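Trainee: My structure is stored as start.txt, with compact mmCIF, C-alpha atoms and all ligand atoms.
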```txt
# COMPACT_ATOMS: atom_id res chain seq x y z
CA MET D 1 54.11 -79.71 49.11
CA GLU D 2 54.83 -82.89 47.24
CA ASN D 3 58.31 -83.24 48.73
CA LEU D 4 60.62 -80.95 50.65
CA GLY D 5 64.30 -80.12 50.72
CA PHE D 6 66.19 -78.12 53.33
CA TYR D 7 69.75 -76.84 53.16
CA ASN D 8 71.07 -74.62 55.96
CA GLY D 9 67.71 -72.89 56.44
CA GLU D 10 66.66 -72.73 52.74
CA TYR D 11 63.51 -74.69 51.87
CA ASP D 12 62.12 -75.72 48.47
CA LEU D 13 61.05 -78.72 46.41
CA ILE D 14 64.05 -81.06 46.33
CA GLU D 15 64.41 -80.71 42.54
CA ASN D 16 64.76 -76.91 42.89
CA MET D 17 67.45 -76.94 45.58
CA LYS D 18 70.94 -75.70 44.67
CA ILE D 19 73.97 -76.67 46.74
CA PRO D 20 77.44 -75.02 46.77
CA MET D 21 80.01 -76.83 44.66
CA ASN D 22 82.49 -76.57 47.53
CA ASP D 23 80.36 -78.49 50.01
CA ARG D 24 82.92 -81.08 51.08
CA VAL D 25 80.47 -83.88 50.47
CA CYS D 26 80.98 -83.33 46.71
CA TYR D 27 84.70 -84.10 46.87
CA PHE D 28 85.13 -86.40 49.82
CA GLY D 29 81.72 -87.72 50.86
CA ASP D 30 82.70 -85.91 54.05
CA GLY D 31 79.55 -86.25 56.09
CA VAL D 32 77.11 -88.58 57.82
CA TYR D 33 73.42 -89.28 57.43
CA ASP D 34 70.46 -91.01 58.94
CA ALA D 35 66.96 -91.88 57.82
CA THR D 36 63.63 -93.20 59.00
CA TYR D 37 59.98 -93.12 57.98
CA SER D 38 56.93 -91.12 59.00
CA ARG D 39 53.26 -92.02 59.04
CA ASN D 40 50.46 -89.56 59.80
CA HIS D 41 53.24 -86.91 59.73
CA LYS D 42 54.84 -88.56 62.79
CA ILE D 43 58.43 -89.74 62.65
CA PHE D 44 59.14 -93.29 63.79
CA ALA D 45 61.93 -94.03 66.31
CA LEU D 46 63.25 -90.48 65.98
CA ASP D 47 65.24 -90.42 69.23
CA GLU D 48 67.19 -93.53 68.26
CA HIS D 49 67.98 -92.20 64.78
CA ILE D 50 69.03 -88.83 66.17
CA ASP D 51 71.29 -90.49 68.76
CA ARG D 52 72.98 -92.60 66.07
CA PHE D 53 73.31 -89.54 63.80
CA TYR D 54 75.00 -87.43 66.46
CA ASN D 55 77.24 -90.34 67.34
CA SER D 56 78.30 -90.75 63.68
CA ALA D 57 79.03 -87.00 63.47
CA GLU D 58 81.05 -87.07 66.69
CA LEU D 59 83.12 -90.05 65.53
CA LEU D 60 84.19 -87.92 62.54
CA SER D 61 84.61 -84.74 64.63
CA ILE D 62 81.84 -82.97 62.71
CA LYS D 63 80.35 -80.27 64.92
CA MET D 64 76.56 -80.27 64.75
CA PRO D 65 75.13 -76.74 64.40
CA TYR D 66 71.97 -77.75 66.31
CA THR D 67 71.30 -79.47 69.61
CA LYS D 68 69.51 -82.81 69.37
CA ASN D 69 66.25 -81.24 70.50
CA GLU D 70 66.52 -78.41 67.98
CA PHE D 71 67.18 -80.93 65.22
CA LYS D 72 64.23 -83.10 66.24
CA ASP D 73 61.94 -80.02 66.32
CA LEU D 74 63.12 -79.05 62.86
CA LEU D 75 62.38 -82.49 61.42
CA GLN D 76 59.02 -82.68 63.16
CA GLU D 77 58.01 -79.28 61.81
CA MET D 78 59.11 -80.22 58.31
CA VAL D 79 57.19 -83.51 58.03
CA LYS D 80 54.00 -81.52 58.63
CA LYS D 81 54.67 -79.41 55.52
CA VAL D 82 54.61 -82.33 53.06
CA ASP D 83 51.26 -83.45 51.59
CA SER D 84 51.69 -87.14 52.27
CA GLY D 85 51.85 -88.31 55.89
CA GLU D 86 53.93 -91.32 54.78
CA GLN D 87 57.43 -90.10 54.07
CA PHE D 88 60.99 -91.24 53.79
CA VAL D 89 62.65 -88.83 56.23
CA TYR D 90 66.33 -88.43 55.33
CA TRP D 91 68.91 -86.01 56.70
CA GLN D 92 72.66 -85.50 56.57
CA VAL D 93 75.36 -83.22 57.84
CA THR D 94 78.48 -82.43 55.87
CA ARG D 95 81.67 -80.98 57.29
CA GLY D 96 81.25 -77.59 55.66
CA THR D 97 82.06 -75.55 52.58
CA GLY D 98 85.57 -74.60 51.47
CA MET D 99 88.14 -74.92 48.68
CA ARG D 100 89.12 -78.50 48.02
CA ASN D 101 91.71 -79.65 50.53
CA HIS D 102 91.77 -83.05 52.21
CA ALA D 103 92.42 -81.88 55.78
CA PHE D 104 89.54 -80.41 57.79
CA LEU D 105 88.58 -76.78 57.29
CA GLY D 106 89.17 -74.28 60.11
CA ASP D 107 87.01 -74.32 63.24
CA GLU D 108 85.15 -71.24 62.02
CA VAL D 109 83.60 -73.20 59.12
CA LYS D 110 80.11 -74.44 60.00
CA ALA D 111 78.74 -77.84 59.08
CA ASN D 112 75.98 -77.98 56.46
CA VAL D 113 72.62 -79.52 57.29
CA TRP D 114 70.52 -81.19 54.61
CA ILE D 115 67.02 -82.63 55.01
CA LEU D 116 65.04 -84.41 52.31
CA LEU D 117 61.45 -85.56 52.66
CA THR D 118 59.89 -87.73 49.96
CA PRO D 119 56.56 -89.54 49.93
CA ARG D 120 57.16 -93.24 50.56
CA ALA D 121 55.59 -95.96 52.70
CA ILE D 122 57.33 -98.80 54.51
CA LYS D 123 57.51 -102.08 52.57
CA ASP D 124 55.06 -104.96 52.68
CA MET D 125 56.75 -107.55 54.90
CA SER D 126 54.80 -110.50 53.51
CA LYS D 127 56.94 -110.47 50.36
CA LYS D 128 59.94 -112.82 50.35
CA VAL D 129 63.29 -111.36 49.30
CA LYS D 130 65.99 -112.72 47.01
CA LEU D 131 69.59 -112.02 47.95
CA ILE D 132 73.04 -112.24 46.43
CA THR D 133 76.37 -112.48 48.27
CA LEU D 134 79.35 -110.19 47.71
CA GLU D 135 82.75 -109.77 49.34
CA ASP D 136 82.60 -106.81 51.73
CA THR D 137 85.15 -104.39 50.32
CA ARG D 138 84.19 -101.43 52.53
CA PHE D 139 86.49 -99.72 55.01
CA LEU D 140 86.74 -100.64 58.69
CA HIS D 141 84.40 -97.98 60.11
CA CYS D 142 81.06 -99.38 58.98
CA ASN D 143 79.56 -98.43 62.36
CA ILE D 144 79.67 -94.79 61.19
CA LYS D 145 76.83 -93.95 58.80
CA THR D 146 79.00 -91.99 56.39
CA LEU D 147 78.17 -90.67 52.95
CA ASN D 148 80.98 -92.74 51.42
CA LEU D 149 78.68 -95.33 49.89
CA LEU D 150 80.39 -96.46 46.67
CA PRO D 151 80.72 -100.16 47.62
CA ASN D 152 77.06 -100.08 48.68
CA VAL D 153 76.07 -98.41 45.40
CA ILE D 154 78.00 -100.99 43.36
CA ALA D 155 76.39 -103.78 45.39
CA ALA D 156 72.91 -102.33 44.85
CA GLN D 157 73.52 -102.20 41.10
CA LYS D 158 74.75 -105.83 41.01
CA THR D 159 71.68 -106.80 43.04
CA GLU D 160 69.37 -105.12 40.56
CA GLU D 161 71.15 -106.71 37.61
CA ALA D 162 70.68 -110.12 39.28
CA GLY D 163 66.94 -109.42 39.67
CA CYS D 164 67.32 -109.56 43.46
CA ASP D 165 66.43 -107.33 46.43
CA GLU D 166 69.60 -107.03 48.52
CA ALA D 167 73.26 -108.02 48.65
CA ILE D 168 74.76 -109.78 51.67
CA PHE D 169 78.29 -108.64 52.40
CA HIS D 170 80.86 -111.05 53.84
CA ARG D 171 84.50 -110.71 54.82
CA GLY D 172 85.90 -114.09 53.86
CA ASP D 173 83.53 -116.51 55.54
CA ARG D 174 82.05 -114.06 58.02
CA VAL D 175 78.73 -112.47 57.13
CA THR D 176 78.69 -108.79 58.05
CA GLU D 177 75.52 -107.05 56.83
CA CYS D 178 73.73 -106.07 53.63
CA SER D 179 74.33 -103.10 51.33
CA HIS D 180 71.64 -101.05 53.08
CA SER D 181 70.24 -103.34 55.77
CA ASN D 182 71.33 -105.79 58.44
CA VAL D 183 71.09 -109.54 58.00
CA SER D 184 70.37 -112.08 60.72
CA ILE D 185 69.41 -115.76 60.86
CA ILE D 186 67.14 -117.97 62.91
CA LYS D 187 68.43 -121.46 63.66
CA ASN D 188 66.88 -123.95 66.08
CA GLY D 189 64.75 -121.20 67.61
CA VAL D 190 67.72 -118.85 68.24
CA PHE D 191 67.95 -115.41 66.63
CA ARG D 192 71.58 -114.94 65.55
CA THR D 193 72.90 -111.59 64.44
CA ALA D 194 76.37 -110.12 63.96
CA PRO D 195 77.67 -108.06 66.92
CA THR D 196 77.65 -104.28 66.63
CA ASP D 197 81.36 -103.87 66.08
CA ASN D 198 83.10 -101.72 63.45
CA LEU D 199 82.06 -104.06 60.62
CA ILE D 200 78.35 -103.29 60.67
CA LEU D 201 76.01 -100.39 61.10
CA PRO D 202 74.08 -100.72 64.37
CA GLY D 203 70.67 -100.84 62.68
CA ILE D 204 67.70 -99.41 64.51
CA ALA D 205 65.43 -102.10 63.01
CA ARG D 206 67.96 -104.69 64.21
CA ALA D 207 67.71 -103.27 67.73
CA HIS D 208 63.91 -103.38 67.55
CA ILE D 209 63.81 -106.99 66.37
CA ILE D 210 66.15 -107.98 69.22
CA LYS D 211 63.76 -106.30 71.64
CA MET D 212 60.83 -108.22 70.11
CA CYS D 213 62.77 -111.51 70.39
CA GLU D 214 63.23 -110.79 74.08
CA ARG D 215 59.51 -110.14 74.42
CA PHE D 216 58.75 -113.52 72.77
CA ASN D 217 61.46 -115.33 74.78
CA ILE D 218 63.43 -116.07 71.63
CA PRO D 219 67.13 -116.37 72.60
CA VAL D 220 69.40 -113.85 70.88
CA ASP D 221 72.98 -114.71 70.00
CA GLU D 222 75.09 -111.72 68.93
CA THR D 223 78.07 -113.63 67.57
CA PRO D 224 79.26 -113.56 63.97
CA PHE D 225 77.99 -116.30 61.65
CA THR D 226 79.35 -117.73 58.44
CA LEU D 227 77.99 -117.97 54.91
CA LYS D 228 77.54 -121.73 55.42
CA GLU D 229 75.46 -121.08 58.56
CA LEU D 230 73.41 -118.55 56.64
CA MET D 231 72.70 -121.02 53.83
CA GLU D 232 71.69 -123.69 56.38
CA ALA D 233 69.59 -121.36 58.57
CA ASP D 234 65.90 -121.94 59.25
CA GLU D 235 65.27 -118.33 58.26
CA VAL D 236 67.38 -115.52 56.79
CA ILE D 237 66.10 -112.14 57.94
CA VAL D 238 66.85 -108.73 56.43
CA THR D 239 66.08 -105.66 58.56
CA SER D 240 66.09 -101.92 57.97
CA SER D 241 63.97 -98.90 58.78
CA GLY D 242 61.85 -99.25 55.65
CA GLN D 243 61.36 -103.00 55.92
CA PHE D 244 61.48 -104.06 59.53
CA CYS D 245 61.75 -107.81 58.99
CA MET D 246 61.82 -109.44 55.57
CA SER D 247 62.55 -113.12 55.22
CA ALA D 248 64.55 -114.45 52.29
CA CYS D 249 63.60 -117.29 49.98
CA GLU D 250 66.78 -117.36 47.93
CA VAL D 251 70.50 -116.58 48.22
CA ASP D 252 72.58 -116.68 45.03
CA GLY D 253 69.76 -118.59 43.35
CA VAL D 254 69.70 -121.30 46.05
CA PRO D 255 66.50 -121.70 48.14
CA VAL D 256 66.97 -120.73 51.82
CA GLY D 257 64.88 -120.43 54.97
CA GLY D 258 61.16 -120.94 55.22
CA LYS D 259 61.54 -123.30 58.17
CA ALA D 260 60.50 -121.00 61.02
CA ALA D 261 57.68 -119.11 59.34
CA GLU D 262 55.64 -118.79 62.53
CA ILE D 263 58.46 -116.98 64.38
CA VAL D 264 58.93 -114.64 61.42
CA LYS D 265 55.20 -113.89 61.24
CA ASN D 266 55.04 -113.09 64.96
CA LEU D 267 58.06 -110.80 64.78
CA GLN D 268 56.71 -109.01 61.70
CA ALA D 269 53.31 -108.50 63.32
CA ALA D 270 54.85 -107.14 66.52
CA LEU D 271 57.18 -104.77 64.65
CA LEU D 272 54.36 -103.47 62.47
CA GLU D 273 52.15 -102.99 65.50
CA GLU D 274 54.88 -100.97 67.22
CA PHE D 275 55.25 -98.77 64.12
CA LEU D 276 51.49 -98.23 63.78
CA GLU D 277 51.16 -97.46 67.49
CA GLN D 278 54.02 -94.91 67.54
CA THR D 279 52.75 -93.15 64.41
CA LYS D 280 48.98 -93.21 64.98
N1 LIG D 301 73.33 -101.45 57.32
C1 LIG D 301 73.55 -100.52 56.39
C2 LIG D 301 74.83 -100.53 55.63
C3 LIG D 301 72.58 -99.54 56.13
O1 LIG D 301 72.81 -98.59 55.21
C4 LIG D 301 71.36 -99.58 56.85
C5 LIG D 301 70.32 -98.58 56.64
O2 LIG D 301 70.47 -97.62 55.94
C6 LIG D 301 71.16 -100.59 57.79
C7 LIG D 301 72.19 -101.51 58.02
C8 LIG D 301 69.89 -100.69 58.58
O3 LIG D 301 69.80 -99.66 59.52
P1 LIG D 301 68.40 -99.18 60.10
O4 LIG D 301 67.72 -100.40 60.64
O5 LIG D 301 68.74 -98.22 61.16
O6 LIG D 301 67.64 -98.58 58.96
```
Can you give me the file's structure in the form of structure tokens?
Ligand code: PLP
Mentor:
Amino acid sequence: MENLGFYNGEYDLIENMKIPMNDRVCYFGDGVYDATYSRNHKIFALDEHIDRFYNSAELLSIKMPYTKNEFKDLLQEMVKKVDSGEQFVYWQVTRGTGMRNHAFLGDEVKANVWILLTPRAIKDMSKKVKLITLEDTRFLHCNIKTLNLLPNVIAAQKTEEAGCDEAIFHRGDRVTECSHSNVSIIKNGVFRTAPTDNLILPGIARAHIIKMCERFNIPVDETPFTLKELMEADEVIVTSSGQFCMSACEVDGVPVGGKAAEIVKNLQAALLEEFLEQTK
């Protein structure tokens, strides 16, 4: 199959799937998601994504209808059914189906599981990215990967209109993360990245790059940094599951980074090697 959708046990091409109007995600965005990539029909970093997914669901008291192992088996079976081995593997759980009412539905209502597989490869990391900055107007639970993504959607649109690749969010002076990735800097040989508090999503690619820094004896500083520090950094790094480590050449039209290219190249090579090894 060219792509594949799954909803509570029903399978079809994504464009043929039909979802109940009363799925609470339609009214409230009441659900959580996670996503990664596959290569050779093998899913990268699945355990970490599943752990984060179950944690997001638990933080919102959404009861998962599958155990972690059952869910992993389901995803692994599904990626084998799609023609391309290189897929964007996306899944979400929503609180359930019921007449519109803000408070949770009764305990007897089961959560809905969605899975979407589309052919897509990870990005070429040699390309430099252009970024814009935007005030972070999201709520205070950004550690939960919820389906309430309107500020991220608006940011992505502004990014596209500016001819850029990502938007950096900041709360006042403090840089938090990007609209759908994490942002870090390298300064004087130190990798600096915001702490995993409630203001950012604990990115899996972020965790992997930290691990690589440790392997290369690059000190890691998990303290918040400011917009000024970002503009003056030796490198500005954007990380996410589809683009493990992209370095920026421009923020708000001003040239940035490019002063620690060797470190970036080594990190990119190591991250790509890890991906290729796990999915061979
Ligand atoms: N931050 C936000 C807001 C995101 O939406 C994402 C990915 O979707 C990330 C960070 C990066 O997370 P990961 O590295 O797990 O893909």
Trainee: Write out as a PyMOL selection string each polymer residue whose atoms come within 10 Å of Leu230 of chain D, counting all atoms listed in the file; drop sequence neighbours fewer than 6 positions from it.
Mentor: chain D and resi 174-175+183-187+192+236-237+251+256-257
Trainee: Could you report the residues within 7 Å of ligand LIG 301 (chain D), using all atoms listed in the file, as a PyMOL selection string?
Mentor: chain D and resi 35-36+177-182+200-206+239-242
Trainee: Find the residues around segment 119-135 of chain D up to 6 Å (all atoms listed in the file counted), leave out those fewer than 6 positions away in its own chain, and share them as a PyMOL selection string.
Mentor: chain D and resi 84+86-88+164-171+242-243+246-252
Trainee: Taking all atoms listed in the file into account, name the residue in D:Thr146, D:His102, D:Ala194, D:Val109 that is nearest to Phe53 of chain D.
Mentor: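 The closest residue to Phe53 of chain D is D:Thr146.
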Trainee: Compare D:Phe44, D:Glu229, D:Phe216, D:Asp234 by their minimum atom-to-atom distance to Ala270 of chain D, counting all atoms listed in the file, and give me the closest one.
Mentor: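 Once distances to Ala270 of chain D are computed over all atoms listed in the file, the minimum belongs to D:Phe216.
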